[in-house]
Structures are given as structure tokens and as C-alpha cells.
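What follows is one structure encoded as C-alpha cells, with my remarks underneath.
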Amino acid sequence: MTDTLISGPVADLDADAQVRADDRGHVFHSWSAQAMIDPLPVAGGAGSTFWDYAGKSYLDFSSQLVNLNLGHQHPDLVAAIQKQAGRLSTIAPAMANDVRGDLARRITEVAGDGFEKVFFTNGGADANENAVRMARLVTGRRKVLSAYRSYHGNTTTAIALTGDPRRWANEPADGSVAHFFGPYAYRSAFHSDSAEQESERALAHLEQTIILEGASTIGAIIMETVVGTNGVLAPPPGYLAGVRAICDKYGIVWIADEVMVGFGRIGEWFAFQAFGDDLPDLITFAKGVNSGYVPLGGVVISERIASHFDKISFPGGLTYSGHPLACAAGVATFEVFERDGILERVRDLGERVIAPRLRDMAERHPSIGEIRGQGLFWAIELVRDRETREPLVPFNAAGADAAPVAAVVAACKSEGLWPFTHFNRLHVAPPLVISEEELIRGLEIIDRALDVADGYTV
């Protein structure tokens, strides 16, 4: 499924030294104190694996930033980019372009009835920025609600919408944002004792927040359909239907942020499709649409929202909106998904391989408080004490406080697995093309690494 276009790992220590020198001397890295980091020089990758210049390979259990859905160097995506580059490398967004239109049509078809148009962006953050802009223009209201446990991007409004600590140092940003508690049954803010009760109480809280913030001032609610980095938190039964009803009641636009979970991550084209028939007004996407081979994001626009701009100009645009190279990789992504049955295999691997193995780990490792997820998107919540549910490391831990999780990460990397962690959680998010053998091998490495976590439990 993932025939490589390049050779495998070969040690080249001179190249390693040069890459390190250039990076440390001249590259300014995101979310980092520059003198405190030592980025790994990566020489190449194929499928679910990448390798460094020392010749060591890593099984990529994070899909980089949960965007490499079709893995490293997928031959179909690379070939599509090469072919498009030879025919038409770029064209202004004001022009009509075949691959841009083809991809937009394919996206609206899988989004479902009622979605007609796609506004292309360069990534997820500007997709969320433009979705909010559309909602504000359509409703005439400026305020937007978002969840505390969320990440929506690093641009001005997107970082204000973000609930996690990355927002703090960027405040004040867009002041027309208010936050609410989304459902999180394991650490319920509502003292719920069932998924149904969590849904009911979370919806009551959301409506109360709307009332107290002033329903007439709120243009949109933006939510990650399945919360990504901040927990792999799926909506409990009835929650999305309740959000849809609340939005309709108060004339609020529902924006589904599908940047991380769209395009197959949980086994559906869009994650909201796994939780009922209720449709958002706007869907934002990026990452998996073309696995990030060329930057691409966008907003899928419902007919109701799109029609508002039939005779009124939308005041926004980007030079590289719907870039042909990015869209060519997107069209190839659809073809691979359909030919190789990607959605079906994601659901199968999640149910048949990951779920039972994680349940078995949870029975044997006292450091596991909860496992949750579906498809190829799971979280292992690590605790010091199962009874009290005290996290293995504190919220937003750094330095010595984060040492227990750092030790688990080191154990994974020593065996050739590159994990995804956030605070006290270990996430399982490999490329969707991962082989069953690779998936099992990665889970076995995590199983052994959790022995390290167990050493910190009470």
C-alpha cells in the first residue's frame, strides 16, 4: 500500500552535523525556547516510518502533527504533485482551475447534502479565522464561544478561541471570545455519572453560558468535533444534536473544527458523521486533506451561509488559496481513499486491533486511568492514582514536573517509536496506511514503556 520512492535509512554523520548546525544557527522554532531544544534531524521517511541521519528508524505514532494520514512519501501523492508541477505549478485564486474545482466538488460530496462550496486556505488556523469571519458577517454578531479544552490555531482569532495554555501568553488577542466547558466524562466538570448525564449537563451549561454572555451577541460556536490534542474527547450521545438545537434556537452558527479529525482519522470523511445526522453550518479542515504534502486547508460552507455572499462580496482571500500543487495532492488523496478502502480499514484496525490491546493494557497497568478513542485516534490517560484520578503529571507540566511522561517518551523512542503526548496523556495516532504488523509492534512498545509510568503510581 505504501511502496517507497526512496531508499531506507543510511548513516551519514557529516550530513547530521550540517543539518544540526544550520537548524540551530538559523531556524526559529515554534512554541519553543530556542536555546532549550535539540530538534531531531530527519533524513527521510516511507509509509509509517521516518529515520534520522544516524540511520535509526522511528515508527511514527503521531503522524507528525496528526496530519500525515497517508504516511511519508506516498507514491500516489508524490506523483500527483510532480505531474501538476509539470503542467501548471501555480495560478491565482481568482482564476478557475481544474484540480481546485475537482477537489472542492469531491469535498462537498462527502460532506453531505446542504454543502455546496469550499473556501480554500493555507492551513487550519486561517480556515478557522475565515469561518469565524463568515459567521460574524452572516449573523451580524461578533462574539464566538469555544471550549476550554481546545486548540484552533495560532493566528489572532484562532489563538483566542483556543482553550489550552498556548492561549495565555498571546492574550489579549481577539476580545470577542468566551469559553465554556465541553463534555469530558472521565473528569466531568458537571459531576456526571454516565455519558448521557454528561451530555445533558454539558448542554445545559452551554445554554446557560449563551444566556449569560448574551445570545443576541453570539455569532458562532466553534468546537473540535472530537477534541484532539487536548484529550481525544468524543461527544457523548446526543451532544451534537443538542448543540445543533441550541444554535438553531438562538440563531448561532455552528462551526465544526475538523482540522485534526477530518479525512479518515476516526474512520469517517468527517468526524461529525460518526455521531448522528446533525450537520454543522461550517466545517473547517486541513491536515489529512492531503497529508500536508503541500499546505492546504479550507472551509466547507453550507448553502445557507454561502448564499449570503451571492450578491455581497466576501471580504477575505489568500494568494495561495487552492494552490494547484496542494489540490492535486488532495485529489490523489480521495483516489487513494476510495481505491484502498482507507475508511473501512481505519474502522477495522481501531475495533479489532487497537481497542482490545488497549483494554488489556488498562487491566495490567495501574498508571492507566482511562483509554478512549476510535479508528486510529486514541488517548491513554495516565494517572498516579486510579482511585483519585490524580494525573501522572500536573496540568501544563514542564521541567521536573513533566519528568514521568518524559521518561515514558524516552522509553518509546529508545525502541524506535515516536509518540504523541500532551500533559498526562499518550495518544495513538499513526498514519492511516500503517500495516497491522507495524501497528501491533508500536502498541507492544507502548505496553513496555508503560512499565515506566507504573513506577510513578501510588
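Chains: A, B, ... in order of the C-alpha cells. Residues: from 1 per chain. Ligands: from 1, in order shown.
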* Any chance you could list, as a list of chain:residue names, the residues in range 2-45 of chain A that come up helix (DSSP H, G or I) when DSSP is run on the backbone? =>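 Reading the DSSP output for range 2-45 of chain A, helix (DSSP H, G or I) covers A:Leu13, A:Asp14, A:Ala15, A:Asp16, A:Ala17, A:Gln18, A:Val19, A:Arg20, A:Ala21, A:Asp22, A:Asp23, A:Arg24, A:Gly25, A:His26, A:Gln34, A:Ala35, A:Met36.
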Grab the residues selected above and save them as a compact mmCIF listing (two decimals), in the first residue's frame with N, CA and C atoms.
```txt
# COMPACT_ATOMS: atom_id res chain seq x y z
N LEU A 13 26.79 10.84 9.18
CA LEU A 13 27.02 11.71 10.33
C LEU A 13 27.47 13.10 9.94
N ASP A 14 28.13 13.25 8.78
CA ASP A 14 28.51 14.58 8.31
C ASP A 14 27.26 15.40 7.98
N ALA A 15 26.32 14.75 7.30
CA ALA A 15 25.06 15.44 6.99
C ALA A 15 24.31 15.79 8.26
N ASP A 16 24.33 14.87 9.23
CA ASP A 16 23.68 15.12 10.51
C ASP A 16 24.23 16.38 11.16
N ALA A 17 25.54 16.51 11.17
CA ALA A 17 26.19 17.67 11.79
C ALA A 17 25.82 18.96 11.06
N GLN A 18 25.76 18.91 9.73
CA GLN A 18 25.44 20.10 8.96
C GLN A 18 23.99 20.54 9.18
N VAL A 19 23.09 19.56 9.18
CA VAL A 19 21.68 19.89 9.40
C VAL A 19 21.49 20.49 10.79
N ARG A 20 22.13 19.90 11.79
CA ARG A 20 22.02 20.43 13.14
C ARG A 20 22.57 21.85 13.23
N ALA A 21 23.71 22.09 12.59
CA ALA A 21 24.32 23.42 12.65
C ALA A 21 23.43 24.47 11.98
N ASP A 22 22.90 24.14 10.81
CA ASP A 22 22.05 25.10 10.11
C ASP A 22 20.76 25.36 10.89
N ASP A 23 20.19 24.29 11.44
CA ASP A 23 18.95 24.45 12.20
C ASP A 23 19.17 25.29 13.45
N ARG A 24 20.16 24.92 14.23
CA ARG A 24 20.40 25.63 15.49
C ARG A 24 20.90 27.05 15.24
N GLY A 25 21.56 27.27 14.12
CA GLY A 25 22.07 28.60 13.85
C GLY A 25 21.05 29.55 13.26
N HIS A 26 20.05 29.01 12.56
CA HIS A 26 19.23 29.91 11.74
C HIS A 26 17.73 29.67 11.78
N GLN A 34 14.28 28.83 22.33
CA GLN A 34 15.19 28.38 21.27
C GLN A 34 16.47 27.71 21.80
N ALA A 35 16.97 28.14 22.94
CA ALA A 35 18.20 27.56 23.47
C ALA A 35 17.95 26.26 24.24
N MET A 36 16.69 25.87 24.38
CA MET A 36 16.36 24.71 25.20
C MET A 36 15.94 23.49 24.38
```
* To do: Go through A:Gly153, A:Gly292, A:Gly140, A:Gly112 one by one, measure the shortest atom-to-atom distance of each to Leu325 in chain A using only C-alpha atoms, and give the residue with the smallest value.
  =>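 Among the listed residues, A:Gly292 lies closest to Leu325 in chain A.
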* Could you jot down the CA of Arg372 in chain A to CA of Val261 in chain A separation for me, Å, one decimal place? => 14.6 Å
* Contacts of Ile434 in chain A at 10 Å or less, counting only C-alpha atoms, minus same-chain residues fewer than 4 places along, as a list in words? ->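 Listed by chain and then number, they are Met1, Thr2, Gly47, Ser48, Thr49, Leu59, Asp60, Phe61, Asn69, Leu70, Gly71, Arg345, Val346, Leu349, Leu376, Pro430, Glu438, Leu439 and Ile440 of chain A.
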* Asked: Looking at A:Leu161, A:Val452, A:Val428, A:Ala328, which one is nearest to Val405 in chain A, with distances taken over only C-alpha atoms?
  ->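 Residue with the minimum atom-to-atom distance to Val405 in chain A: A:Val452.
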* Asked: Counting only C-alpha atoms, what is within 7 Å of range 203-213 of chain A, bar same-chain residues fewer than 4 positions away, as a PyMOL selection string?
  -> chain A and resi 180+199+239+242+246
Requested write-out: N, CA and C atoms of the selected residues, as a CSV table (one decimal), in the first residue's frame:
```csv
chain,number,residue,atom,x,y,z
A,180,PHE,N,-16.3,27.9,27.3
A,180,PHE,CA,-17.2,27.0,28.1
A,180,PHE,C,-16.6,25.7,28.3
A,199,SER,N,-23.7,14.5,28.8
A,199,SER,CA,-24.3,15.2,27.6
A,199,SER,C,-25.3,16.2,28.0
A,239,TYR,N,-25.0,14.9,22.3
A,239,TYR,CA,-24.4,16.2,22.5
A,239,TYR,C,-24.5,17.0,21.2
A,242,GLY,N,-27.8,18.2,20.4
A,242,GLY,CA,-28.2,19.3,21.3
A,242,GLY,C,-27.5,20.6,20.9
A,246,ILE,N,-29.5,24.0,20.0
A,246,ILE,CA,-29.3,25.3,20.7
A,246,ILE,C,-28.9,26.4,19.7
```
* With distances taken over only C-alpha atoms, which of A:Thr139, A:Gln64, A:Thr155, A:Asn130 is nearest to Arg304 in chain A? -> A:Thr139
* Hey, what's within 6 Å of Ala379 in chain A if we count only C-alpha atoms and toss same-chain stuff fewer than 2 positions away? As number ranges by chain, please? -> A: 232, 371-372, 426-427
Would you save the residues of that selection, restricted to C-alpha atoms, as a PDB file, in the first residue's frame?
```pdb
ATOM      1  CA  VAL A 232      -9.275  12.751  22.201  1.00  0.00           C
ATOM      2  CA  ILE A 371      -8.490   4.634  27.394  1.00  0.00           C
ATOM      3  CA  ARG A 372     -10.752   6.243  24.818  1.00  0.00           C
ATOM      4  CA  LEU A 426      -0.198   9.326  25.460  1.00  0.00           C
ATOM      5  CA  HIS A 427      -2.017   9.449  22.129  1.00  0.00           C
TER       6      HIS A 427
END
```
